[in-house]
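A.B. asks: The structure file structure.pdb (PDB, C-alpha atoms and all ligand atoms) is provided below.
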```pdb
ATOM      1  CA  MET A   1     -61.230 -36.771  45.514
ATOM      2  CA  SER A   2     -61.090 -39.771  43.210
ATOM      3  CA  ALA A   3     -61.803 -39.418  39.513
ATOM      4  CA  ARG A   4     -64.650 -41.099  37.719
ATOM      5  CA  ILE A   5     -63.207 -43.802  35.473
ATOM      6  CA  ILE A   6     -64.228 -43.482  31.832
ATOM      7  CA  ASP A   7     -64.712 -47.124  30.917
ATOM      8  CA  GLY A   8     -63.728 -47.434  27.258
ATOM      9  CA  LYS A   9     -64.424 -51.168  27.214
ATOM     10  CA  THR A  10     -68.092 -50.742  28.085
ATOM     11  CA  ILE A  11     -68.583 -47.609  25.973
ATOM     12  CA  SER A  12     -66.951 -49.219  22.921
ATOM     13  CA  ALA A  13     -68.962 -52.442  23.359
ATOM     14  CA  ASP A  14     -72.130 -50.332  23.383
ATOM     15  CA  LEU A  15     -71.064 -48.520  20.202
ATOM     16  CA  ARG A  16     -70.157 -51.786  18.472
ATOM     17  CA  GLY A  17     -73.575 -53.176  19.397
ATOM     18  CA  LYS A  18     -75.298 -50.122  17.885
ATOM     19  CA  VAL A  19     -73.240 -50.414  14.692
ATOM     20  CA  ALA A  20     -74.079 -54.134  14.451
ATOM     21  CA  ASP A  21     -77.806 -53.315  14.791
ATOM     22  CA  ALA A  22     -77.560 -50.704  12.025
ATOM     23  CA  VAL A  23     -75.657 -53.171   9.803
ATOM     24  CA  HIS A  24     -78.389 -55.743  10.419
ATOM     25  CA  ARG A  25     -81.070 -53.241   9.325
ATOM     26  CA  LEU A  26     -79.063 -52.302   6.234
ATOM     27  CA  ARG A  27     -78.784 -55.943   5.191
ATOM     28  CA  ARG A  28     -82.460 -56.708   5.970
ATOM     29  CA  ASP A  29     -83.973 -53.606   4.363
ATOM     30  CA  ARG A  30     -81.580 -52.914   1.455
ATOM     31  CA  GLY A  31     -79.579 -56.121   0.973
ATOM     32  CA  ILE A  32     -76.369 -54.156   1.563
ATOM     33  CA  VAL A  33     -73.485 -55.619   3.575
ATOM     34  CA  PRO A  34     -70.632 -53.194   4.366
ATOM     35  CA  GLY A  35     -67.228 -54.528   3.344
ATOM     36  CA  ILE A  36     -63.817 -53.440   4.553
ATOM     37  CA  ALA A  37     -60.428 -54.361   3.146
ATOM     38  CA  VAL A  38     -57.588 -54.412   5.660
ATOM     39  CA  VAL A  39     -54.209 -54.434   3.934
ATOM     40  CA  LEU A  40     -51.135 -55.704   5.751
ATOM     41  CA  VAL A  41     -47.682 -55.440   4.208
ATOM     42  CA  GLY A  42     -44.989 -57.623   5.798
ATOM     43  CA  ASN A  43     -45.186 -59.389   9.130
ATOM     44  CA  ASN A  44     -44.717 -56.856  11.922
ATOM     45  CA  PRO A  45     -46.033 -58.915  14.905
ATOM     46  CA  ALA A  46     -47.912 -55.985  16.504
ATOM     47  CA  SER A  47     -49.576 -55.171  13.159
ATOM     48  CA  GLU A  48     -50.579 -58.817  12.700
ATOM     49  CA  VAL A  49     -52.317 -58.766  16.098
ATOM     50  CA  TYR A  50     -54.126 -55.481  15.273
ATOM     51  CA  VAL A  51     -55.252 -56.786  11.905
ATOM     52  CA  ARG A  52     -56.550 -60.034  13.428
ATOM     53  CA  ASN A  53     -58.490 -58.074  16.072
ATOM     54  CA  LYS A  54     -59.895 -55.706  13.450
ATOM     55  CA  SER A  55     -61.054 -58.544  11.197
ATOM     56  CA  LYS A  56     -62.728 -60.296  14.135
ATOM     57  CA  ALA A  57     -64.553 -57.105  15.139
ATOM     58  CA  VAL A  58     -65.634 -56.504  11.519
ATOM     59  CA  ALA A  59     -67.122 -60.018  11.319
ATOM     60  CA  GLU A  60     -68.850 -59.606  14.709
ATOM     61  CA  ALA A  61     -70.485 -56.401  13.440
ATOM     62  CA  GLY A  62     -71.959 -58.378  10.526
ATOM     63  CA  MET A  63     -69.680 -56.777   7.928
ATOM     64  CA  HIS A  64     -67.510 -58.494   5.349
ATOM     65  CA  ALA A  65     -63.756 -58.490   5.999
ATOM     66  CA  PHE A  66     -61.519 -58.721   2.944
ATOM     67  CA  ASP A  67     -57.993 -59.179   4.278
ATOM     68  CA  ARG A  68     -55.144 -58.607   1.843
ATOM     69  CA  LYS A  69     -51.527 -59.486   2.605
ATOM     70  CA  LEU A  70     -48.410 -58.456   0.703
ATOM     71  CA  PRO A  71     -44.857 -59.616   1.494
ATOM     72  CA  ALA A  72     -42.439 -57.275   3.323
ATOM     73  CA  THR A  73     -40.537 -56.957   0.018
ATOM     74  CA  ALA A  74     -43.573 -55.582  -1.879
ATOM     75  CA  SER A  75     -42.896 -52.429  -3.869
ATOM     76  CA  GLU A  76     -44.794 -49.141  -3.651
ATOM     77  CA  ALA A  77     -46.126 -49.782  -7.181
ATOM     78  CA  GLU A  78     -47.512 -53.196  -6.160
ATOM     79  CA  LEU A  79     -49.325 -51.711  -3.183
ATOM     80  CA  ILE A  80     -50.718 -48.819  -5.263
ATOM     81  CA  ASP A  81     -51.899 -51.364  -7.830
ATOM     82  CA  LEU A  82     -53.713 -53.340  -5.092
ATOM     83  CA  ILE A  83     -55.321 -50.149  -3.744
ATOM     84  CA  GLY A  84     -56.520 -49.297  -7.263
ATOM     85  CA  LYS A  85     -58.312 -52.661  -7.432
ATOM     86  CA  LEU A  86     -59.865 -52.181  -3.983
ATOM     87  CA  ASN A  87     -60.977 -48.650  -4.953
ATOM     88  CA  ALA A  88     -62.801 -50.119  -7.971
ATOM     89  CA  ASP A  89     -64.372 -53.058  -6.105
ATOM     90  CA  LYS A  90     -68.067 -52.341  -5.377
ATOM     91  CA  GLU A  91     -68.164 -54.869  -2.517
ATOM     92  CA  ILE A  92     -65.525 -52.902  -0.633
ATOM     93  CA  ASN A  93     -66.717 -49.765   1.119
ATOM     94  CA  GLY A  94     -63.711 -49.150   3.347
ATOM     95  CA  ILE A  95     -59.965 -49.539   2.843
ATOM     96  CA  LEU A  96     -57.446 -49.516   5.645
ATOM     97  CA  VAL A  97     -53.723 -49.925   5.083
ATOM     98  CA  GLN A  98     -52.053 -50.977   8.327
ATOM     99  CA  LEU A  99     -49.187 -48.664   9.326
ATOM    100  CA  PRO A 100     -46.210 -48.666   9.676
ATOM    101  CA  LEU A 101     -45.223 -49.738   6.164
ATOM    102  CA  PRO A 102     -41.835 -51.188   5.152
ATOM    103  CA  LYS A 103     -39.300 -48.441   4.471
ATOM    104  CA  GLN A 104     -39.322 -48.799   0.663
ATOM    105  CA  ILE A 105     -42.978 -47.650   0.674
ATOM    106  CA  GLY A 106     -43.963 -44.003   1.289
ATOM    107  CA  ALA A 107     -46.985 -43.921   3.617
ATOM    108  CA  GLN A 108     -48.219 -40.517   2.369
ATOM    109  CA  LYS A 109     -48.260 -41.693  -1.242
ATOM    110  CA  ILE A 110     -50.213 -44.801  -0.256
ATOM    111  CA  ILE A 111     -52.746 -42.874   1.829
ATOM    112  CA  ALA A 112     -53.268 -40.462  -1.079
ATOM    113  CA  ALA A 113     -53.962 -43.407  -3.424
ATOM    114  CA  ILE A 114     -56.996 -44.544  -1.392
ATOM    115  CA  ASP A 115     -60.390 -43.348  -2.661
ATOM    116  CA  PRO A 116     -61.287 -40.615  -0.074
ATOM    117  CA  ASP A 117     -64.840 -42.004   0.102
ATOM    118  CA  LYS A 118     -63.407 -45.367   1.231
ATOM    119  CA  ASP A 119     -60.761 -43.851   3.528
ATOM    120  CA  VAL A 120     -62.158 -45.255   6.804
ATOM    121  CA  ASP A 121     -58.940 -44.341   8.646
ATOM    122  CA  GLY A 122     -59.625 -40.692   7.769
ATOM    123  CA  PHE A 123     -55.967 -40.052   6.892
ATOM    124  CA  HIS A 124     -56.407 -38.952   3.248
ATOM    125  CA  PRO A 125     -55.435 -35.269   2.758
ATOM    126  CA  LEU A 126     -58.918 -34.580   1.363
ATOM    127  CA  ASN A 127     -60.567 -35.859   4.549
ATOM    128  CA  ALA A 128     -58.022 -34.007   6.721
ATOM    129  CA  GLY A 129     -58.791 -30.820   4.738
ATOM    130  CA  ARG A 130     -62.533 -31.355   4.980
ATOM    131  CA  LEU A 131     -62.267 -31.827   8.752
ATOM    132  CA  ALA A 132     -60.161 -28.652   9.043
ATOM    133  CA  SER A 133     -62.710 -26.762   6.901
ATOM    134  CA  GLY A 134     -65.671 -27.916   8.978
ATOM    135  CA  LEU A 135     -67.071 -30.023   6.128
ATOM    136  CA  PRO A 136     -68.430 -33.568   6.489
ATOM    137  CA  ALA A 137     -65.478 -35.983   6.432
ATOM    138  CA  LEU A 138     -64.357 -39.453   7.362
ATOM    139  CA  VAL A 139     -62.621 -38.703  10.647
ATOM    140  CA  PRO A 140     -59.627 -40.604  12.118
ATOM    141  CA  CYS A 141     -60.809 -43.333  14.487
ATOM    142  CA  THR A 142     -58.730 -42.762  17.638
ATOM    143  CA  PRO A 143     -59.495 -38.997  17.738
ATOM    144  CA  MET A 144     -63.193 -39.739  17.202
ATOM    145  CA  GLY A 145     -62.999 -42.172  20.124
ATOM    146  CA  CYS A 146     -61.443 -39.480  22.348
ATOM    147  CA  ILE A 147     -64.337 -37.094  21.678
ATOM    148  CA  LEU A 148     -66.980 -39.772  22.259
ATOM    149  CA  LEU A 149     -65.354 -40.679  25.595
ATOM    150  CA  ALA A 150     -65.134 -37.036  26.712
ATOM    151  CA  LYS A 151     -68.804 -36.573  25.877
ATOM    152  CA  THR A 152     -69.807 -39.404  28.232
ATOM    153  CA  VAL A 153     -68.741 -37.242  31.191
ATOM    154  CA  ARG A 154     -69.309 -33.718  29.844
ATOM    155  CA  GLU A 155     -72.721 -32.561  28.741
ATOM    156  CA  THR A 156     -71.039 -30.240  26.258
ATOM    157  CA  LEU A 157     -67.470 -29.529  25.236
ATOM    158  CA  ALA A 158     -68.407 -25.994  24.128
ATOM    159  CA  GLY A 159     -66.418 -23.307  25.902
ATOM    160  CA  LEU A 160     -64.070 -25.727  27.663
ATOM    161  CA  GLU A 161     -60.338 -24.991  27.794
ATOM    162  CA  ALA A 162     -58.966 -28.033  25.974
ATOM    163  CA  VAL A 163     -55.262 -28.845  25.797
ATOM    164  CA  VAL A 164     -54.028 -31.531  23.413
ATOM    165  CA  ILE A 165     -50.452 -32.710  23.924
ATOM    166  CA  GLY A 166     -49.144 -34.035  20.598
ATOM    167  CA  ARG A 167     -49.463 -32.763  17.030
ATOM    168  CA  SER A 168     -49.282 -35.922  14.936
ATOM    169  CA  ASN A 169     -51.481 -36.216  11.845
ATOM    170  CA  ILE A 170     -53.105 -39.371  13.177
ATOM    171  CA  VAL A 171     -53.962 -38.259  16.718
ATOM    172  CA  GLY A 172     -53.023 -34.770  17.992
ATOM    173  CA  LYS A 173     -54.068 -32.588  15.042
ATOM    174  CA  PRO A 174     -57.389 -34.323  14.297
ATOM    175  CA  VAL A 175     -58.306 -34.397  18.013
ATOM    176  CA  ALA A 176     -57.697 -30.636  18.108
ATOM    177  CA  GLN A 177     -59.840 -30.114  14.972
ATOM    178  CA  LEU A 178     -62.669 -32.164  16.418
ATOM    179  CA  LEU A 179     -62.524 -30.231  19.697
ATOM    180  CA  LEU A 180     -62.647 -26.975  17.754
ATOM    181  CA  ALA A 181     -65.691 -28.273  15.903
ATOM    182  CA  GLU A 182     -67.249 -28.884  19.347
ATOM    183  CA  ASN A 183     -66.566 -25.211  20.185
ATOM    184  CA  ALA A 184     -63.854 -25.885  22.771
ATOM    185  CA  THR A 185     -61.010 -23.374  23.143
ATOM    186  CA  VAL A 186     -58.093 -25.465  21.939
ATOM    187  CA  THR A 187     -54.362 -25.341  22.641
ATOM    188  CA  ILE A 188     -52.060 -27.808  20.903
ATOM    189  CA  ALA A 189     -48.918 -28.467  22.940
ATOM    190  CA  HIS A 190     -45.908 -30.415  21.656
ATOM    191  CA  SER A 191     -42.244 -31.200  22.220
ATOM    192  CA  LYS A 192     -41.235 -27.525  21.857
ATOM    193  CA  THR A 193     -43.920 -26.082  24.146
ATOM    194  CA  ASN A 194     -42.575 -23.899  26.965
ATOM    195  CA  ASP A 195     -43.636 -24.823  30.499
ATOM    196  CA  LEU A 196     -45.897 -27.708  29.525
ATOM    197  CA  PRO A 197     -47.088 -28.350  33.121
ATOM    198  CA  ALA A 198     -48.438 -24.758  33.319
ATOM    199  CA  VAL A 199     -50.215 -25.131  29.947
ATOM    200  CA  CYS A 200     -51.779 -28.402  31.111
ATOM    201  CA  ARG A 201     -52.972 -26.853  34.381
ATOM    202  CA  ARG A 202     -55.261 -24.569  32.342
ATOM    203  CA  ALA A 203     -57.097 -27.526  30.836
ATOM    204  CA  ASP A 204     -60.668 -28.475  31.686
ATOM    205  CA  LEU A 205     -60.113 -31.234  29.145
ATOM    206  CA  LEU A 206     -56.637 -32.671  28.699
ATOM    207  CA  VAL A 207     -55.816 -35.091  25.880
ATOM    208  CA  ALA A 208     -52.380 -36.712  26.060
ATOM    209  CA  ALA A 209     -51.091 -38.231  22.799
ATOM    210  CA  ILE A 210     -47.354 -38.194  23.306
ATOM    211  CA  GLY A 211     -45.959 -41.723  23.446
ATOM    212  CA  ARG A 212     -43.964 -41.092  26.664
ATOM    213  CA  PRO A 213     -44.826 -43.359  29.605
ATOM    214  CA  GLU A 214     -46.501 -41.524  32.502
ATOM    215  CA  MET A 215     -45.064 -38.152  31.493
ATOM    216  CA  VAL A 216     -48.097 -36.127  32.622
ATOM    217  CA  ARG A 217     -47.914 -35.916  36.399
ATOM    218  CA  GLY A 218     -50.728 -35.453  38.920
ATOM    219  CA  ASP A 219     -49.749 -31.844  39.679
ATOM    220  CA  TRP A 220     -50.139 -30.922  35.962
ATOM    221  CA  ILE A 221     -53.871 -31.599  36.198
ATOM    222  CA  LYS A 222     -56.461 -28.933  37.014
ATOM    223  CA  PRO A 223     -58.697 -30.223  39.830
ATOM    224  CA  GLY A 224     -61.847 -31.737  38.339
ATOM    225  CA  ALA A 225     -60.484 -31.859  34.771
ATOM    226  CA  THR A 226     -61.391 -34.573  32.281
ATOM    227  CA  VAL A 227     -58.275 -36.501  31.217
ATOM    228  CA  ILE A 228     -58.160 -38.583  28.033
ATOM    229  CA  ASP A 229     -54.986 -40.649  27.818
ATOM    230  CA  VAL A 230     -54.221 -41.877  24.287
ATOM    231  CA  GLY A 231     -50.731 -43.204  25.056
ATOM    232  CA  ILE A 232     -49.902 -46.880  24.765
ATOM    233  CA  ASN A 233     -46.440 -47.541  26.178
ATOM    234  CA  ARG A 234     -44.912 -50.882  27.066
ATOM    235  CA  ILE A 235     -42.614 -50.700  30.094
ATOM    236  CA  PRO A 236     -40.789 -53.360  32.148
ATOM    237  CA  GLY A 237     -43.043 -54.780  34.854
ATOM    238  CA  GLU A 238     -42.650 -57.245  37.718
ATOM    239  CA  GLY A 239     -41.084 -60.661  37.252
ATOM    240  CA  GLY A 240     -39.493 -59.811  33.911
ATOM    241  CA  LYS A 241     -42.911 -59.247  32.314
ATOM    242  CA  SER A 242     -43.837 -56.013  30.560
ATOM    243  CA  ARG A 243     -46.930 -53.927  31.191
ATOM    244  CA  ILE A 244     -48.812 -51.225  29.329
ATOM    245  CA  VAL A 245     -49.107 -47.680  30.686
ATOM    246  CA  GLY A 246     -50.424 -44.456  29.228
ATOM    247  CA  ASP A 247     -48.866 -41.007  28.859
ATOM    248  CA  VAL A 248     -50.452 -39.944  32.161
ATOM    249  CA  ALA A 249     -49.277 -41.054  35.626
ATOM    250  CA  TYR A 250     -52.671 -42.596  36.348
ATOM    251  CA  PRO A 251     -52.535 -43.145  40.147
ATOM    252  CA  GLU A 252     -51.507 -39.494  40.729
ATOM    253  CA  ALA A 253     -53.813 -38.011  38.096
ATOM    254  CA  ALA A 254     -56.850 -39.990  39.260
ATOM    255  CA  LYS A 255     -56.630 -38.228  42.644
ATOM    256  CA  ILE A 256     -56.954 -34.780  41.040
ATOM    257  CA  ALA A 257     -58.987 -35.248  37.835
ATOM    258  CA  GLY A 258     -62.781 -35.315  37.734
ATOM    259  CA  ALA A 259     -62.788 -38.125  35.172
ATOM    260  CA  ILE A 260     -60.019 -40.117  33.500
ATOM    261  CA  THR A 261     -59.529 -42.897  30.978
ATOM    262  CA  PRO A 262     -57.476 -45.889  32.162
ATOM    263  CA  VAL A 263     -54.759 -47.520  30.045
ATOM    264  CA  PRO A 264     -55.492 -50.173  28.959
ATOM    265  CA  GLY A 265     -59.278 -50.075  28.703
ATOM    266  CA  GLY A 266     -59.815 -46.417  27.810
ATOM    267  CA  VAL A 267     -59.176 -44.958  24.355
ATOM    268  CA  GLY A 268     -57.712 -48.192  22.899
ATOM    269  CA  PRO A 269     -60.972 -50.163  22.527
ATOM    270  CA  MET A 270     -62.723 -47.132  20.990
ATOM    271  CA  THR A 271     -60.485 -47.133  17.915
ATOM    272  CA  ILE A 272     -61.881 -50.333  16.385
ATOM    273  CA  ALA A 273     -65.449 -49.391  17.330
ATOM    274  CA  CYS A 274     -65.007 -46.052  15.496
ATOM    275  CA  LEU A 275     -63.518 -47.887  12.503
ATOM    276  CA  LEU A 276     -66.714 -49.938  12.294
ATOM    277  CA  LEU A 277     -68.792 -46.752  12.552
ATOM    278  CA  ASN A 278     -66.743 -45.123   9.774
ATOM    279  CA  THR A 279     -67.221 -48.173   7.550
ATOM    280  CA  LEU A 280     -70.967 -48.073   8.141
ATOM    281  CA  ARG A 281     -71.046 -44.320   7.393
ATOM    282  CA  ALA A 282     -68.953 -44.790   4.225
ATOM    283  CA  THR A 283     -71.263 -47.588   3.052
ATOM    284  CA  CYS A 284     -74.368 -45.444   3.530
ATOM    285  CA  ALA A 285     -72.786 -42.469   1.749
ATOM    286  CA  GLN A 286     -71.669 -44.633  -1.196
ATOM    287  CA  ASN A 287     -75.212 -45.982  -1.561
ATOM    288  CA  GLY A 288     -76.838 -42.551  -1.420
ATOM    289  CA  LEU A 289     -78.402 -43.297   1.973
ATOM    290  CA  PRO A 290     -78.619 -40.841   4.862
ATOM    291  CA  ALA A 291     -75.997 -41.109   7.623
ATOM    292  CA  PRO A 292     -76.935 -43.922  10.010
ATOM    293  CA  LYS A 293     -78.384 -42.993  13.391
ATOM    294  CA  VAL A 294     -75.997 -44.696  15.827
TER     295      VAL A 294
HETATM  296  P1  LIG B 301     -46.175 -39.396  17.428
HETATM  297  O1  LIG B 301     -44.842 -39.868  17.898
HETATM  298  O2  LIG B 301     -46.447 -39.303  15.981
HETATM  299  O3  LIG B 301     -46.451 -37.951  18.058
HETATM  300  C1  LIG B 301     -46.138 -37.661  19.388
HETATM  301  C2  LIG B 301     -46.361 -36.194  19.650
HETATM  302  O4  LIG B 301     -45.982 -35.947  21.001
HETATM  303  C3  LIG B 301     -45.535 -35.289  18.760
HETATM  304  O5  LIG B 301     -46.384 -34.387  18.104
HETATM  305  C4  LIG B 301     -44.595 -34.547  19.705
HETATM  306  O6  LIG B 301     -44.489 -33.159  19.430
HETATM  307  C5  LIG B 301     -45.238 -34.745  21.060
HETATM  308  N1  LIG B 301     -44.189 -34.908  22.072
HETATM  309  C6  LIG B 301     -43.156 -35.771  22.078
HETATM  310  N2  LIG B 301     -42.392 -35.577  23.165
HETATM  311  C7  LIG B 301     -42.940 -34.573  23.858
HETATM  312  C8  LIG B 301     -42.605 -33.910  25.053
HETATM  313  N3  LIG B 301     -41.541 -34.256  25.762
HETATM  314  N4  LIG B 301     -43.413 -32.904  25.453
HETATM  315  C9  LIG B 301     -44.503 -32.549  24.753
HETATM  316  N5  LIG B 301     -44.875 -33.151  23.608
HETATM  317  C10 LIG B 301     -44.104 -34.152  23.175
HETATM  318  O7  LIG B 301     -47.237 -40.327  18.178
HETATM  319  P2  LIG B 301     -48.795 -40.603  17.839
HETATM  320  O8  LIG B 301     -48.880 -41.509  16.692
HETATM  321  O9  LIG B 301     -49.530 -39.330  17.834
HETATM  322  O10 LIG B 301     -49.195 -41.444  19.137
HETATM  323  C11 LIG B 301     -49.129 -40.888  20.443
HETATM  324  C12 LIG B 301     -49.408 -41.980  21.459
HETATM  325  O11 LIG B 301     -50.726 -42.487  21.239
HETATM  326  C13 LIG B 301     -48.485 -43.204  21.367
HETATM  327  O12 LIG B 301     -48.277 -43.709  22.667
HETATM  328  C14 LIG B 301     -49.307 -44.192  20.551
HETATM  329  O13 LIG B 301     -48.961 -45.538  20.838
HETATM  330  C15 LIG B 301     -50.684 -43.876  21.044
HETATM  331  N6  LIG B 301     -51.761 -44.240  20.091
HETATM  332  C16 LIG B 301     -52.813 -44.915  20.589
HETATM  333  C17 LIG B 301     -53.867 -45.250  19.760
HETATM  334  C18 LIG B 301     -55.043 -45.982  20.331
HETATM  335  O14 LIG B 301     -55.743 -46.679  19.648
HETATM  336  N7  LIG B 301     -55.322 -45.837  21.606
HETATM  337  C19 LIG B 301     -53.835 -44.916  18.422
HETATM  338  C20 LIG B 301     -52.750 -44.182  17.935
HETATM  339  C21 LIG B 301     -51.712 -43.839  18.790
END
```
Rewrite the coordinates I just gave you, this time as structure tokens.
Ligand code: NAD
C.D. replies:
Amino acid sequence: MSARIIDGKTISADLRGKVADAVHRLRRDRGIVPGIAVVLVGNNPASEVYVRNKSKAVAEAGMHAFDRKLPATASEAELIDLIGKLNADKEINGILVQLPLPKQIGAQKIIAAIDPDKDVDGFHPLNAGRLASGLPALVPCTPMGCILLAKTVRETLAGLEAVVIGRSNIVGKPVAQLLLAENATVTIAHSKTNDLPAVCRRADLLVAAIGRPEMVRGDWIKPGATVIDVGINRIPGEGGKSRIVGDVAYPEAAKIAGAITPVPGGVGPMTIACLLLNTLRATCAQNGLPAPKV
């Protein structure tokens, strides 16, 4: 058996197109243009690439991108001051502070300083609490992308045995909360889990968010399972070049799974598409409009 490939590139392009259409209608009918501020502190090369890609996608969706850059030496107080200004700015509906931050700045303090209504990353404790309580919330983008991808191959997630490997605040925990909200039976596995392969073999839906290249082997997968691989790991490739692999040993897993996301081209492209959707949702909520149908 060979798994169906869940094509994140195509699915995310479709979502971005739908968001762009909704943004167009918002501008035409209400004169509202969603605006997002992406804040970059320092010059981490990977972060610079992400921020450039995000700003390009924001512009392509017809939204306004307000990029803000602070030097690597910026203090926590300076960044909090900038966030205060962005919180007060009516043209800005979403605020995203690119992580990681330089070590003199506490990420949790910064996340807590963002207006929860503009928290398009969904990392603010209020949004995390709302998600955990089953209340409407801005939901973290990568976890939202995982659920949307799983739903392209499963009519419903209700009743499925779902196993999430990883318990980080930005991926593992919110994925598990979202799966619970979809009425899956959810197990969260992590670095202290006993007999991880046996836990994984129970899963109809397996989400790997570990950060360990190809750790999940083919014989950990239940035949026919849906596998969502969040991992992005750079490993040495041929000819001195590096290549990107996920947390799942794809060639082995694809022989056993019913459907699987590739890396790259699976979960990765969904993250920015979901950021655009969150910004659109935040804009509508801030203007007293119903949630957009996307
Ligand atoms: P993290 O390091 O914060 O968390 C990793 C989790 O994996 C931890 O909860 C830990 O308990 C668990 N873990 C570590 N070693 C383990 C082991 N041997 N067995 C079982 N569990 C183990 O990482 P994160 O921020 O959650 O990211 C996870 C992966 O997802 C990384 O590869 C990251 O690059 C990737 N990621 C991708 C996107 C995307 O857009 N596609 C977004 C965020 C993160």
A.B. asks: Which residue gives the smallest distance to ligand LIG 301 (chain B) among A:Gly240, A:Gly35, A:Gly224, A:Gly268, with only C-alpha atoms and all ligand atoms counted?
C.D. replies: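 For ligand LIG 301 (chain B), the nearest of the given residues is A:Gly268.
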A.B. asks: So, with only C-alpha atoms as the atoms that count, which of A:Ala20, A:Ala254, A:Ala107, A:Ile170 lies closest to Pro143 of chain A?
C.D. replies: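 Residue with the minimum atom-to-atom distance to Pro143 of chain A: A:Ile170.
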A.B. asks: What is the distance, in Å and to one decimal place, between atom CA of Gly218 of chain A and atom CA of Ile232 of chain A?
C.D. replies: 18.2 Å
A.B. asks: What does the structure give for the distance between atom C14 of ligand LIG 301 (chain B) and atom CA of Ala291 of chain A, in Å to one decimal?
C.D. replies: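 Those two atoms sit 29.8 Å apart.
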A.B. asks: Enumerate, as a PDB file with C-alpha atoms, in the coordinates of the input, the residues matched when the PyMOL selection byres (((chain A and resi 89-93) around 8) and not hetatm) is run on the file above.
C.D. replies:
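This went into expr.pdb:
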```pdb
ATOM      1  CA  PRO A  34     -70.632 -53.194   4.366  1.00  0.00           C
ATOM      2  CA  GLY A  35     -67.228 -54.528   3.344  1.00  0.00           C
ATOM      3  CA  ILE A  36     -63.817 -53.440   4.553  1.00  0.00           C
ATOM      4  CA  ALA A  37     -60.428 -54.361   3.146  1.00  0.00           C
ATOM      5  CA  PHE A  66     -61.519 -58.721   2.944  1.00  0.00           C
ATOM      6  CA  LYS A  85     -58.312 -52.661  -7.432  1.00  0.00           C
ATOM      7  CA  LEU A  86     -59.865 -52.181  -3.983  1.00  0.00           C
ATOM      8  CA  ASN A  87     -60.977 -48.650  -4.953  1.00  0.00           C
ATOM      9  CA  ALA A  88     -62.801 -50.119  -7.971  1.00  0.00           C
ATOM     10  CA  GLY A  94     -63.711 -49.150   3.347  1.00  0.00           C
ATOM     11  CA  ILE A  95     -59.965 -49.539   2.843  1.00  0.00           C
ATOM     12  CA  LYS A 118     -63.407 -45.367   1.231  1.00  0.00           C
ATOM     13  CA  THR A 279     -67.221 -48.173   7.550  1.00  0.00           C
ATOM     14  CA  ALA A 282     -68.953 -44.790   4.225  1.00  0.00           C
ATOM     15  CA  THR A 283     -71.263 -47.588   3.052  1.00  0.00           C
ATOM     16  CA  GLN A 286     -71.669 -44.633  -1.196  1.00  0.00           C
TER      17      GLN A 286
END
```
A.B. asks: Rounded to one decimal place, report the atom CA of Ala259 of chain A-atom CA of Val153 of chain A distance in Å.
C.D. replies: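 Atom CA of Val153 of chain A lies at a distance of 7.2 Å from atom CA of Ala259 of chain A.
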A.B. asks: Return as a ChimeraX atom specification every polymer residue, whether protein, DNA or RNA, with at least one atom no more than 6 Å from an atom of ligand LIG 301 (chain B); count all atoms listed in the file.
C.D. replies: /A:142,165-168,170-172,190-191,209-211,230-233,267-268,271
A.B. asks: Might you spell out which residues the PyMOL selection byres (((chain A and resi 56) around 12) and not hetatm) would select in the displayed file, as a PyMOL selection string?
C.D. replies: chain A and resi 36+38+49-55+57-67+272-273+276
A.B. asks: For Asn169 of chain A, list every protein, DNA or RNA residue within 10 Å, evaluated using all atoms listed in the file, and leave out those in the same chain fewer than 5 positions away; present the list as an mmCIF file with C-alpha atoms, in the frame of the given file.
C.D. replies:
```cif
data_model
loop_
_atom_site.group_PDB
_atom_site.id
_atom_site.type_symbol
_atom_site.label_atom_id
_atom_site.label_comp_id
_atom_site.auth_asym_id
_atom_site.auth_seq_id
_atom_site.Cartn_x
_atom_site.Cartn_y
_atom_site.Cartn_z
ATOM 1 C CA PHE A 123 -55.967 -40.052 6.892
ATOM 2 C CA PRO A 125 -55.435 -35.269 2.758
ATOM 3 C CA ALA A 128 -58.022 -34.007 6.721
ATOM 4 C CA PRO A 140 -59.627 -40.604 12.118
ATOM 5 C CA PRO A 174 -57.389 -34.323 14.297
ATOM 6 C CA VAL A 175 -58.306 -34.397 18.013
#
```
A.B. asks: Under the PyMOL selection byres (((chain A and resi 248) around 7) and not hetatm), which residues of this model are included? Write them out as JSON, numbers by chain.
C.D. replies: {"A": [214, 215, 216, 217, 229, 246, 247, 249, 250]}
